[in-house]
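**Student:** TSV, C-alpha atoms, file upload-v6.tsv:
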```tsv
chain	number	residue	atom	x	y	z
A	1	MET	CA	10.40	-18.69	1.86
A	2	SER	CA	9.71	-16.85	5.11
A	3	ARG	CA	6.43	-17.79	6.75
A	4	LEU	CA	4.26	-15.31	8.57
A	5	LEU	CA	3.63	-16.71	12.04
A	6	ARG	CA	1.94	-13.84	13.82
A	7	ARG	CA	-0.55	-11.15	12.95
A	8	PHE	CA	-1.42	-7.94	14.71
A	9	ALA	CA	-4.83	-6.29	14.95
A	10	ILE	CA	-6.10	-3.64	12.59
A	11	VAL	CA	-6.35	-0.17	14.09
A	12	GLY	CA	-8.53	2.46	12.44
A	13	THR	CA	-7.00	5.87	11.81
A	14	ALA	CA	-7.23	8.49	9.10
A	15	VAL	CA	-6.83	5.71	6.71
A	16	ALA	CA	-7.25	2.73	8.97
A	17	VAL	CA	-3.79	1.49	9.78
A	18	THR	CA	-3.28	-2.22	9.31
A	19	ALA	CA	-0.45	-3.94	11.09
A	20	ALA	CA	1.20	-7.28	10.58
A	21	GLY	CA	4.52	-8.78	11.42
A	22	PHE	CA	7.01	-11.45	10.52
A	23	ALA	CA	7.94	-13.21	13.76
A	24	GLY	CA	9.11	-16.52	15.14
A	25	ALA	CA	11.34	-19.23	13.72
A	26	GLY	CA	10.16	-18.73	10.16
A	27	ALA	CA	10.52	-14.97	10.15
A	28	ALA	CA	12.70	-12.89	7.87
A	29	THR	CA	16.29	-14.05	8.17
A	30	ALA	CA	19.26	-11.73	8.35
A	31	ALA	CA	21.53	-14.30	6.67
A	32	ALA	CA	21.61	-18.00	5.87
A	33	GLY	CA	21.58	-19.90	9.15
A	34	ALA	CA	21.44	-16.67	11.15
A	35	ARG	CA	18.88	-15.42	13.64
A	36	THR	CA	15.39	-14.48	12.52
A	37	VAL	CA	14.26	-10.86	12.63
A	38	PRO	CA	10.71	-9.83	13.62
A	39	ILE	CA	9.38	-7.19	11.22
A	40	GLN	CA	6.38	-4.92	11.76
A	41	LEU	CA	4.35	-3.75	8.75
A	42	LEU	CA	2.11	-0.68	9.13
A	43	GLY	CA	-0.17	-0.24	6.15
A	44	ILE	CA	-2.48	2.53	4.97
A	45	ASN	CA	-4.61	2.76	1.84
A	46	ASP	CA	-7.00	5.09	0.03
A	47	LEU	CA	-6.09	8.29	1.86
A	48	HIS	CA	-7.31	10.36	-1.12
A	49	GLY	CA	-5.64	13.50	0.22
A	50	ASN	CA	-7.94	13.80	3.22
A	51	LEU	CA	-5.67	16.01	5.32
A	52	GLU	CA	-8.41	17.41	7.56
A	53	PRO	CA	-10.27	15.16	10.02
A	54	PRO	CA	-13.84	14.20	9.12
A	55	THR	CA	-16.69	15.41	11.27
A	56	GLY	CA	-19.22	13.42	13.25
A	57	SER	CA	-19.23	9.64	13.56
A	58	SER	CA	-17.02	9.21	10.48
A	59	GLY	CA	-14.20	10.67	12.54
A	60	ARG	CA	-14.47	7.94	15.18
A	61	VAL	CA	-13.22	4.38	14.68
A	62	ILE	CA	-12.69	1.26	16.77
A	63	ASP	CA	-9.09	0.44	17.68
A	64	GLU	CA	-7.44	-2.91	18.40
A	65	THR	CA	-8.69	-2.90	22.01
A	66	GLY	CA	-12.32	-2.29	21.03
A	67	ALA	CA	-12.19	1.32	22.17
A	68	THR	CA	-13.54	4.15	20.02
A	69	VAL	CA	-10.89	6.72	19.13
A	70	ASP	CA	-10.66	9.94	17.14
A	71	ALA	CA	-9.30	9.43	13.65
A	72	GLY	CA	-9.02	11.06	10.26
A	73	GLY	CA	-6.78	13.74	8.85
A	74	ALA	CA	-3.07	14.33	8.85
A	75	ALA	CA	-2.59	14.92	12.57
A	76	TYR	CA	-4.42	11.81	13.77
A	77	LEU	CA	-2.80	9.65	11.09
A	78	ALA	CA	0.66	10.78	12.13
A	79	ALA	CA	-0.15	10.31	15.82
A	80	HIS	CA	-1.53	6.78	15.39
A	81	LEU	CA	1.39	5.70	13.22
A	82	LYS	CA	3.78	7.02	15.87
A	83	ARG	CA	1.86	5.23	18.64
A	84	LEU	CA	1.85	1.90	16.81
A	85	ARG	CA	5.44	1.93	15.67
A	86	ALA	CA	7.59	-0.90	16.99
A	87	ALA	CA	11.14	-2.01	16.31
A	88	ASN	CA	11.95	-2.89	12.69
A	89	SER	CA	8.83	-1.12	11.41
A	90	ILE	CA	8.07	-0.54	7.73
A	91	ARG	CA	5.29	1.80	6.59
A	92	VAL	CA	3.50	0.94	3.36
A	93	ALA	CA	0.64	2.44	1.32
A	94	ALA	CA	-1.59	0.41	-1.00
A	95	GLY	CA	-2.46	3.17	-3.44
A	96	ASP	CA	-4.90	6.06	-3.97
A	97	SER	CA	-3.06	8.30	-1.55
A	98	ILE	CA	-3.66	11.05	-4.09
A	99	GLY	CA	-6.36	11.69	-6.67
A	100	ALA	CA	-10.07	12.36	-5.98
A	101	THR	CA	-8.86	14.64	-3.19
A	102	PRO	CA	-10.45	17.52	-1.23
A	103	LEU	CA	-9.60	21.10	-2.18
A	104	LEU	CA	-6.92	21.46	0.50
A	105	SER	CA	-4.78	18.91	-1.35
A	106	ALA	CA	-6.16	19.21	-4.89
A	107	ALA	CA	-5.55	22.98	-5.10
A	108	TYR	CA	-1.83	22.28	-4.80
A	109	HIS	CA	-1.83	19.25	-7.12
A	110	ASP	CA	-1.69	16.87	-4.13
A	111	GLU	CA	1.78	18.01	-3.14
A	112	PRO	CA	0.65	18.54	0.50
A	113	THR	CA	-0.43	14.90	0.74
A	114	ILE	CA	2.94	13.68	-0.50
A	115	GLU	CA	4.63	15.96	2.02
A	116	LEU	CA	2.49	14.39	4.77
A	117	LEU	CA	3.52	10.89	3.68
A	118	ASN	CA	7.15	11.98	3.64
A	119	HIS	CA	6.72	13.37	7.15
A	120	VAL	CA	5.26	10.15	8.59
A	121	GLY	CA	8.08	8.13	7.06
A	122	LEU	CA	6.26	6.14	4.40
A	123	ASN	CA	8.70	3.61	2.96
A	124	THR	CA	6.96	2.57	-0.25
A	125	SER	CA	3.60	2.55	-2.05
A	126	SER	CA	1.89	0.72	-4.84
A	127	VAL	CA	0.24	3.00	-7.35
A	128	GLY	CA	-3.54	3.14	-7.30
A	129	ASN	CA	-5.87	3.93	-10.15
A	130	HIS	CA	-6.34	7.50	-8.88
A	131	GLU	CA	-2.61	8.16	-8.99
A	132	PHE	CA	-3.14	8.28	-12.77
A	133	ASP	CA	-5.95	10.84	-12.71
A	134	GLU	CA	-3.64	13.59	-14.00
A	135	GLY	CA	-1.63	11.31	-16.28
A	136	TYR	CA	1.67	9.49	-16.22
A	137	THR	CA	3.82	12.60	-16.74
A	138	GLU	CA	2.28	14.33	-13.74
A	139	LEU	CA	2.69	11.21	-11.60
A	140	GLN	CA	6.36	11.16	-12.55
A	141	ARG	CA	6.61	14.76	-11.31
A	142	ILE	CA	4.87	13.78	-8.08
A	143	GLN	CA	7.50	11.07	-7.63
A	144	GLN	CA	10.57	13.05	-8.67
A	145	GLY	CA	9.68	16.62	-7.67
A	146	GLY	CA	9.67	19.92	-9.52
A	147	CYS	CA	7.17	22.69	-10.14
A	148	HIS	CA	3.85	22.06	-11.86
A	149	PRO	CA	4.21	22.86	-15.59
A	150	VAL	CA	1.26	25.27	-15.56
A	151	ASP	CA	0.80	26.53	-12.01
A	152	GLY	CA	4.43	26.41	-10.95
A	153	CYS	CA	5.44	26.05	-7.31
A	154	ALA	CA	3.81	27.66	-4.30
A	155	PRO	CA	5.39	31.07	-3.57
A	156	GLY	CA	8.73	30.61	-1.86
A	157	MET	CA	8.43	26.82	-1.82
A	158	GLU	CA	10.00	24.06	-3.87
A	159	TYR	CA	8.34	20.69	-4.28
A	160	ASP	CA	10.96	17.98	-3.74
A	161	GLY	CA	8.88	14.94	-4.65
A	162	ALA	CA	8.11	11.73	-2.78
A	163	ASP	CA	10.79	10.31	-0.49
A	164	PHE	CA	9.34	6.84	-1.09
A	165	PRO	CA	9.14	4.89	-4.36
A	166	PHE	CA	5.89	4.18	-6.18
A	167	LEU	CA	5.74	0.55	-7.36
A	168	ALA	CA	3.92	-0.72	-10.45
A	169	ALA	CA	4.86	-4.23	-11.55
A	170	ASN	CA	1.87	-4.52	-13.89
A	171	VAL	CA	1.93	-1.05	-15.49
A	172	ILE	CA	3.93	-1.08	-18.72
A	173	ARG	CA	4.93	1.77	-21.02
A	174	GLU	CA	3.83	1.08	-24.59
A	175	SER	CA	6.88	2.95	-25.91
A	176	ASP	CA	9.49	0.51	-24.59
A	177	ASP	CA	7.63	-2.29	-22.72
A	178	ARG	CA	9.27	-1.30	-19.44
A	179	THR	CA	7.44	-0.85	-16.16
A	180	ALA	CA	6.21	2.71	-15.61
A	181	PHE	CA	7.66	2.58	-12.10
A	182	PRO	CA	9.82	-0.08	-10.41
A	183	ALA	CA	8.14	-3.46	-9.99
A	184	SER	CA	9.64	-3.95	-6.55
A	185	VAL	CA	11.92	-2.52	-3.90
A	186	VAL	CA	14.02	-4.20	-1.22
A	187	LYS	CA	14.10	-2.69	2.26
A	188	HIS	CA	16.84	-3.54	4.75
A	189	VAL	CA	15.51	-3.70	8.31
A	190	GLY	CA	17.31	-5.16	11.30
A	191	GLY	CA	19.75	-6.90	9.02
A	192	ALA	CA	16.96	-8.58	7.02
A	193	ARG	CA	16.01	-7.93	3.40
A	194	ILE	CA	12.28	-7.53	2.75
A	195	GLY	CA	11.00	-7.34	-0.81
A	196	PHE	CA	7.91	-5.29	-1.68
A	197	ILE	CA	6.02	-5.71	-4.96
A	198	GLY	CA	3.38	-3.21	-6.07
A	199	VAL	CA	0.49	-3.82	-8.48
A	200	VAL	CA	-2.71	-1.94	-9.29
A	201	THR	CA	-6.07	-3.22	-10.46
A	202	LYS	CA	-5.93	-4.24	-14.10
A	203	THR	CA	-9.29	-2.49	-14.57
A	204	THR	CA	-7.62	0.93	-14.25
A	205	PRO	CA	-8.10	1.86	-17.94
A	206	SER	CA	-11.86	1.43	-17.53
A	207	ILE	CA	-12.11	3.67	-14.44
A	208	VAL	CA	-9.60	6.43	-15.30
A	209	THR	CA	-9.86	8.87	-18.19
A	210	ALA	CA	-8.12	7.89	-21.41
A	211	ASP	CA	-5.68	10.78	-21.04
A	212	GLY	CA	-4.75	9.53	-17.57
A	213	VAL	CA	-3.51	6.17	-18.84
A	214	LYS	CA	-2.35	7.22	-22.30
A	215	GLY	CA	0.68	5.24	-23.41
A	216	LEU	CA	0.33	2.64	-20.65
A	217	LYS	CA	-0.74	-1.01	-20.50
A	218	PHE	CA	-2.17	-2.62	-17.36
A	219	LEU	CA	-1.39	-6.33	-17.17
A	220	ASP	CA	-2.73	-9.15	-15.02
A	221	GLU	CA	-1.92	-8.57	-11.36
A	222	VAL	CA	-1.02	-12.17	-10.49
A	223	GLU	CA	1.20	-12.81	-13.51
A	224	SER	CA	3.05	-9.54	-12.94
A	225	ALA	CA	3.48	-10.15	-9.21
A	226	ASP	CA	4.74	-13.69	-9.84
A	227	LYS	CA	7.35	-12.36	-12.28
A	228	ALA	CA	8.52	-9.74	-9.78
A	229	ALA	CA	8.68	-12.35	-7.01
A	230	ARG	CA	10.86	-14.61	-9.15
A	231	ASP	CA	13.22	-11.70	-9.68
A	232	LEU	CA	13.39	-11.02	-5.94
A	233	ARG	CA	14.08	-14.67	-5.20
A	234	LYS	CA	16.92	-14.70	-7.73
A	235	ARG	CA	18.38	-11.75	-5.82
A	236	GLY	CA	18.28	-13.76	-2.61
A	237	VAL	CA	15.24	-12.09	-1.04
A	238	LYS	CA	13.28	-14.62	1.03
A	239	ALA	CA	10.59	-12.43	2.64
A	240	ILE	CA	8.17	-10.82	0.18
A	241	VAL	CA	5.14	-8.56	0.63
A	242	LEU	CA	2.66	-7.91	-2.18
A	243	VAL	CA	1.03	-4.48	-2.03
A	244	VAL	CA	-1.95	-4.51	-4.37
A	245	HIS	CA	-4.44	-1.76	-5.13
A	246	GLU	CA	-7.37	-4.13	-5.49
A	247	GLY	CA	-9.61	-5.54	-2.80
A	248	ASP	CA	-12.86	-7.10	-1.68
A	249	GLN	CA	-16.16	-6.15	-0.09
A	250	VAL	CA	-17.16	-7.21	3.42
A	251	THR	CA	-20.53	-8.28	4.80
A	252	ALA	CA	-22.80	-5.91	6.71
A	253	GLY	CA	-21.73	-5.38	10.29
A	254	ALA	CA	-18.14	-6.52	9.75
A	255	THR	CA	-15.73	-5.17	12.36
A	256	PRO	CA	-12.30	-3.76	11.42
A	257	ASP	CA	-10.32	-6.76	12.70
A	258	SER	CA	-12.63	-9.43	11.27
A	259	CYS	CA	-12.45	-11.47	8.08
A	260	GLN	CA	-16.04	-11.16	6.88
A	261	VAL	CA	-15.06	-10.89	3.23
A	262	VAL	CA	-17.60	-11.52	0.49
A	263	ALA	CA	-16.41	-14.58	-1.42
A	264	GLY	CA	-15.28	-14.39	-5.01
A	265	GLY	CA	-13.90	-10.86	-5.04
A	266	PRO	CA	-10.83	-9.73	-7.01
A	267	GLY	CA	-8.69	-9.32	-3.90
A	268	THR	CA	-9.40	-12.88	-2.82
A	269	ARG	CA	-8.60	-14.10	-6.33
A	270	ILE	CA	-5.21	-12.40	-6.31
A	271	ALA	CA	-4.41	-13.53	-2.77
A	272	GLY	CA	-5.33	-17.12	-3.60
A	273	GLN	CA	-3.42	-17.33	-6.88
A	274	VAL	CA	-0.21	-15.34	-6.40
A	275	THR	CA	2.95	-17.36	-5.81
A	276	PRO	CA	3.56	-18.93	-2.38
A	277	ASP	CA	6.81	-16.92	-2.32
A	278	VAL	CA	4.64	-13.98	-1.22
A	279	ASP	CA	4.22	-13.97	2.56
A	280	VAL	CA	1.76	-11.10	3.07
A	281	VAL	CA	-0.81	-9.44	0.80
A	282	MET	CA	-1.71	-5.84	1.67
A	283	THR	CA	-4.70	-4.57	-0.32
A	284	GLY	CA	-6.66	-1.40	-1.05
A	285	HIS	CA	-9.18	0.09	-3.49
A	286	SER	CA	-12.41	-1.30	-2.02
A	287	HIS	CA	-12.28	0.89	1.12
A	288	GLN	CA	-13.23	-2.12	3.28
A	289	PRO	CA	-11.33	-3.12	6.45
A	290	TYR	CA	-10.48	-6.78	6.94
A	291	ASN	CA	-7.76	-8.89	8.52
A	292	CYS	CA	-7.71	-12.40	7.09
A	293	THR	CA	-5.63	-15.53	6.90
A	294	MET	CA	-5.99	-17.18	3.49
A	295	LYS	CA	-4.40	-20.18	1.79
A	296	ASP	CA	-1.78	-19.70	-0.91
A	297	PRO	CA	-1.55	-22.11	-3.89
A	298	ALA	CA	0.65	-24.45	-1.82
A	299	GLY	CA	-1.90	-24.61	0.99
A	300	ASN	CA	0.09	-22.43	3.38
A	301	SER	CA	-1.59	-19.66	5.36
A	302	ARG	CA	-0.73	-16.02	4.79
A	303	VAL	CA	-2.20	-12.75	6.00
A	304	VAL	CA	-4.38	-10.71	3.62
A	305	MET	CA	-5.47	-7.32	4.92
A	306	GLN	CA	-6.90	-3.90	4.16
A	307	GLY	CA	-7.27	-0.87	6.39
A	308	GLY	CA	-10.53	0.68	5.18
A	309	SER	CA	-10.07	4.22	3.86
A	310	PHE	CA	-9.93	7.89	4.88
```
Output the file's structure in the form of structure tokens.
**Tutor:**
Amino acid sequence: MSRLLRRFAIVGTAVAVTAAGFAGAGAATAAAGARTVPIQLLGINDLHGNLEPPTGSSGRVIDETGATVDAGGAAYLAAHLKRLRAANSIRVAAGDSIGATPLLSAAYHDEPTIELLNHVGLNTSSVGNHEFDEGYTELQRIQQGGCHPVDGCAPGMEYDGADFPFLAANVIRESDDRTAFPASVVKHVGGARIGFIGVVTKTTPSIVTADGVKGLKFLDEVESADKAARDLRKRGVKAIVLVVHEGDQVTAGATPDSCQVVAGGPGTRIAGQVTPDVDVVMTGHSHQPYNCTMKDPAGNSRVVMQGGSF
């Protein structure tokens, strides 16, 4: 298993951008006995289709240097991602990019938000509970493309779908017991193979309308992630990132790059129980920024992070 030996600071943007990296002797390996490859992870979560920047103090956040910077909306998000990008960079979302969105995105069935994520080069995303707000069939259309079945396409425009895969290791179709979306994806960066597993909070059926999750089962996050990790290991993948749409609360006054997490939360439970084969846990859902190092079941340290929200 690859071990994470370095972490980068959280930087707040439209959705606060979290950054982490594999580096050093235990980093992702390009081949058995070969050189190690440093990998940068840039993570966003809970965008909720906020394409326009917020006003007032909510549009100002603290960056990794302690400076206050403008943030929020499509333009700032794209600019900050471009500024932060390093060699061997992978961009990941931890769910709720769409759903519960402002009119600018919602009026077009969140297609503009997907087009933004395509534009900034998002590589993969876990599903979030809000991705199911309009049901599984509509989320499949969001992934694959095509005109809305009722409203059609915008005049003179085709919707081509998401360029990145949604991941859902713990969302199972009742019709055939298969995952609703792929459990994992492998990205090839700098000659290294990095596995990404996506899971969503198992409480989704209790916080989404019945029509939104019709025909789907939501299984335990840890058990599903462990199963997906075993599959990746069998395929020879040694560096694994868990992207989970579940997270924790932080204490009052917590700063974006701190680890002032309230003990006993669901994100901490998942991070503490999921297989040691997982090197990094990127979280979402709770809209709380944190950058932590937590112990896995084998007693090894791994980074657990979340980037706040829109």
**Student:** Env of Thr255 of chain A: 9 Å cut, atoms = only C-alpha atoms, seq-sep filter 2 positions within chain, self excluded. Answer as a list in words.
**Tutor:**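 The residues satisfying every condition are Ile62, Gly253, Asp257, Ser258, Cys259, Gln260, Pro289 and Tyr290 of chain A.
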**Student:** Could you check how far atom CA of Thr179 of chain A sits from atom CA of Val213 of chain A, in Å to one decimal?
**Tutor:**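 About the pair atom CA of Thr179 of chain A and atom CA of Val213 of chain A: they are 13.3 Å apart.
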**Student:** Using only C-alpha atoms, which residue out of A:Ala154, A:Ile194, A:Ala100, A:Ala229 lies closest to Pro276 of chain A?
**Tutor:** A:Ala229
**Student:** Considering only C-alpha atoms, state which residue in the set A:Asp63, A:Glu223, A:Glu111, A:Glu246 is at the smallest distance from Leu51 of chain A.
**Tutor:** A:Glu111
**Student:** Got a sec: who's within 7 Å of Arg302 of chain A, counting all atoms listed in the file, leaving out chain neighbours fewer than 2 positions off, as number ranges by chain?
**Tutor:** A: 4, 279-280, 293-296, 300, 304
**Student:** Just checking: using all atoms listed in the file, which residue out of A:Ser184, A:Thr251, A:Thr203, A:Ser57 ends up closest to Ala71 of chain A?
**Tutor:**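 Closest residue, counting all atoms listed in the file: A:Ser57.
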**Student:** Could you check the closest approach to Tyr76 of chain A for each of A:Ala93, A:Val120, A:Ile207, A:Ile240 and tell me which residue wins, using only C-alpha atoms?
**Tutor:**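 Closest to Tyr76 of chain A of all the choices is A:Val120.
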**Student:** Can you measure atom CA of Val237 of chain A to atom CA of Val278 of chain A for me? One decimal in Å is fine.
**Tutor:**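 Pair atom CA of Val237 of chain A / atom CA of Val278 of chain A returns 10.8 Å.
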**Student:** Please measure the separation of atom CA of Arg233 of chain A and atom CA of Leu122 of chain A, giving the value in Å to one decimal.
**Tutor:**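 Between atom CA of Arg233 of chain A and atom CA of Leu122 of chain A the gap works out to 24.2 Å.
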**Student:** Return the single residue from A:Gly72, A:Gly156, A:Gly66, A:Gly198 that is closest to Asn50 of chain A, with distances computed using all atoms listed in the file.
**Tutor:**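 That would be A:Gly72, the residue with the smallest distance to Asn50 of chain A.
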**Student:** Check the smallest atom-to-atom distance from each of A:Thr124, A:Gln306, A:Gln40, A:Gln140 to Phe196 of chain A using all atoms listed in the file, then report the winner.
**Tutor:**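 Using all atoms listed in the file, Phe196 of chain A sits closest to A:Thr124.
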**Student:** Can you list, as an MDAnalysis selection string, every protein, DNA or RNA residue that comes within 7 Å of Ala180 of chain A when you count only C-alpha atoms, leaving out same-chain residues fewer than 6 positions away?
**Tutor:** chainID A and resid 168 171:173
